[in-house]
Amino acid sequence: MPDVFVNYRTGDGEETAVAIERELSHRFPGGRIFRAGKSLTPGRPFGPDLITNVRRSGALIAVIGPRWTEYTQLHDAGDWVRKEIEEAFRCAVPVIPVLVGRTTERLREEGLPPSLAPLAACHSIRFDTHDAEYGLRRIGDAVADLVPGLASYARQAGPDADPGTSPYNSMANVSGGTNIQARDIGGDAGGTIIKDVHASLHLGSGAQHNHAPHLSGDGAQYVAGDNNGGVHHSWNRERRKEDGSR
């Protein structure tokens, strides 16, 4: 059974729910994260599976999109987004509201059905799509603190990691050769670290030449292109006007 249940409204925060489920599944592998669109078994009645997985979860993440409170279904007792959150409250499963984007407001009791009123009092996490990596890390840390099994698994993933760095995102004492880092960099990289370079970059002494000849010194000459007619030099002679020039 899962440790974390991801609750979301299709069409309002669905992409964020997918991102959360993928990140948490990467950080805590082994089928610990439940998201209906991925985790339900085809051919089985989905209702009992949803309720069972909520009850057995250590935390429920409620993805709150910009229009979440505007959906009329929220006031329908048969709405599954609502029923999953209600079940979490009944079973004392911690609920973490995740507010998607910078403009999504915190929930207020007056805008919610009475059974969902406790949701307004739950401490929320804002997921800024412009800094998704930071938001996903915060969500992962939050559920790791709430669910003992996840905290233990995170420690096992990186027992030698330095304190304060992610156990699966660190490099140490890098020197020589080519090193590729897929995620955040932590620890002693042993030199200069450059991220997200999209142009030529030069560090150190000496000149830099990018796919072009470089000539220096007295009398250096360079002609690019086709030189089928030859190259001629003249000094102290008036330049002949080209046709059409003024």
# chains A, B, ... in the order shown; residues from 1 in each chain; ligands from 1
>>> residues_around(residues="range 18-29 of chain A", least_positions_apart="3", cutoff="9 Å", atoms="only C-alpha atoms", output="list in words")
Val4, Phe5, Val6, Gly13, Glu14, Glu15, Arg32, Ile33, Phe34, Arg35, Gly37, Lys38, Ala132, Leu136, Arg137, Ile139, Gly140, Leu150, Tyr153, Ala154, Ala157 and Tyr168 of chain A
>>> closest_atom_pairs(of="range 85-137 of chain A", to="range 63-77 of chain A", cutoff="7 Å", atoms="only C-alpha atoms", output="tab-separated table")
residue	atom	partner	partner_atom	distance
A:Pro97	CA	A:Val63	CA	6.0
A:Val98	CA	A:Val63	CA	4.9
A:Leu99	CA	A:Ile64	CA	5.0
A:Val100	CA	A:Gly65	CA	5.1
A:Thr104	CA	A:Pro66	CA	4.8
A:Gly111	CA	A:Thr69	CA	7.0
A:Pro113	CA	A:His75	CA	6.1
>>> atom_distance(atom1="CA of Val54 in chain A", atom2="CA of Ala36 in chain A")
10.9 Å
>>> atom_distance(atom1="CA of Trp80 in chain A", atom2="CA of Arg102 in chain A")
26.1 Å
>>> select_by_dssp(residues="range 53-158 of chain A", states="helix (DSSP H, G or I)", output="PyMOL selection string")
chain A and resi 53-55+68-70+72-75+80-90+109-111+114-121+129-146+148-157
>>> atom_distance(atom1="CA of Arg9 in chain A", atom2="CA of Val81 in chain A")
6.4 Å
>>> decode(residues="range 33-48 of chain A", atoms="N, CA and C atoms", output="compact mmCIF listing (two decimals), in the first residue's frame")
# COMPACT_ATOMS: atom_id res chain seq x y z
N ILE A 33 3.95 5.80 -3.85
CA ILE A 33 3.15 6.99 -4.17
C ILE A 33 1.95 6.58 -5.02
N PHE A 34 0.77 7.02 -4.60
CA PHE A 34 -0.46 6.67 -5.32
C PHE A 34 -1.02 7.90 -6.02
N ARG A 35 -1.24 7.77 -7.32
CA ARG A 35 -1.97 8.76 -8.12
C ARG A 35 -2.94 7.99 -9.00
N ALA A 36 -4.22 8.32 -8.92
CA ALA A 36 -5.26 7.51 -9.55
C ALA A 36 -4.99 7.26 -11.03
N GLY A 37 -4.58 8.30 -11.76
CA GLY A 37 -4.38 8.14 -13.20
C GLY A 37 -3.32 7.12 -13.55
N LYS A 38 -2.41 6.82 -12.61
CA LYS A 38 -1.34 5.87 -12.86
C LYS A 38 -1.52 4.57 -12.07
N SER A 39 -2.05 4.67 -10.86
CA SER A 39 -1.99 3.55 -9.92
C SER A 39 -3.20 2.64 -9.93
N LEU A 40 -4.36 3.09 -10.42
CA LEU A 40 -5.54 2.24 -10.42
C LEU A 40 -5.37 1.08 -11.40
N THR A 41 -5.88 -0.07 -11.00
CA THR A 41 -5.79 -1.26 -11.84
C THR A 41 -6.94 -1.29 -12.84
N PRO A 42 -6.66 -1.35 -14.14
CA PRO A 42 -7.74 -1.41 -15.14
C PRO A 42 -8.65 -2.61 -14.90
N GLY A 43 -9.94 -2.38 -15.08
CA GLY A 43 -10.91 -3.47 -14.94
C GLY A 43 -11.46 -3.66 -13.55
N ARG A 44 -10.89 -2.99 -12.56
CA ARG A 44 -11.38 -3.11 -11.18
C ARG A 44 -12.25 -1.91 -10.82
N PRO A 45 -13.24 -2.04 -9.98
CA PRO A 45 -14.02 -0.89 -9.50
C PRO A 45 -13.09 0.10 -8.80
N PHE A 46 -13.09 1.34 -9.26
CA PHE A 46 -12.10 2.28 -8.73
C PHE A 46 -12.47 2.83 -7.37
N GLY A 47 -13.76 2.91 -7.05
CA GLY A 47 -14.18 3.50 -5.78
C GLY A 47 -13.55 2.85 -4.56
N PRO A 48 -13.74 1.54 -4.38
CA PRO A 48 -13.13 0.89 -3.21
C PRO A 48 -11.62 1.02 -3.18
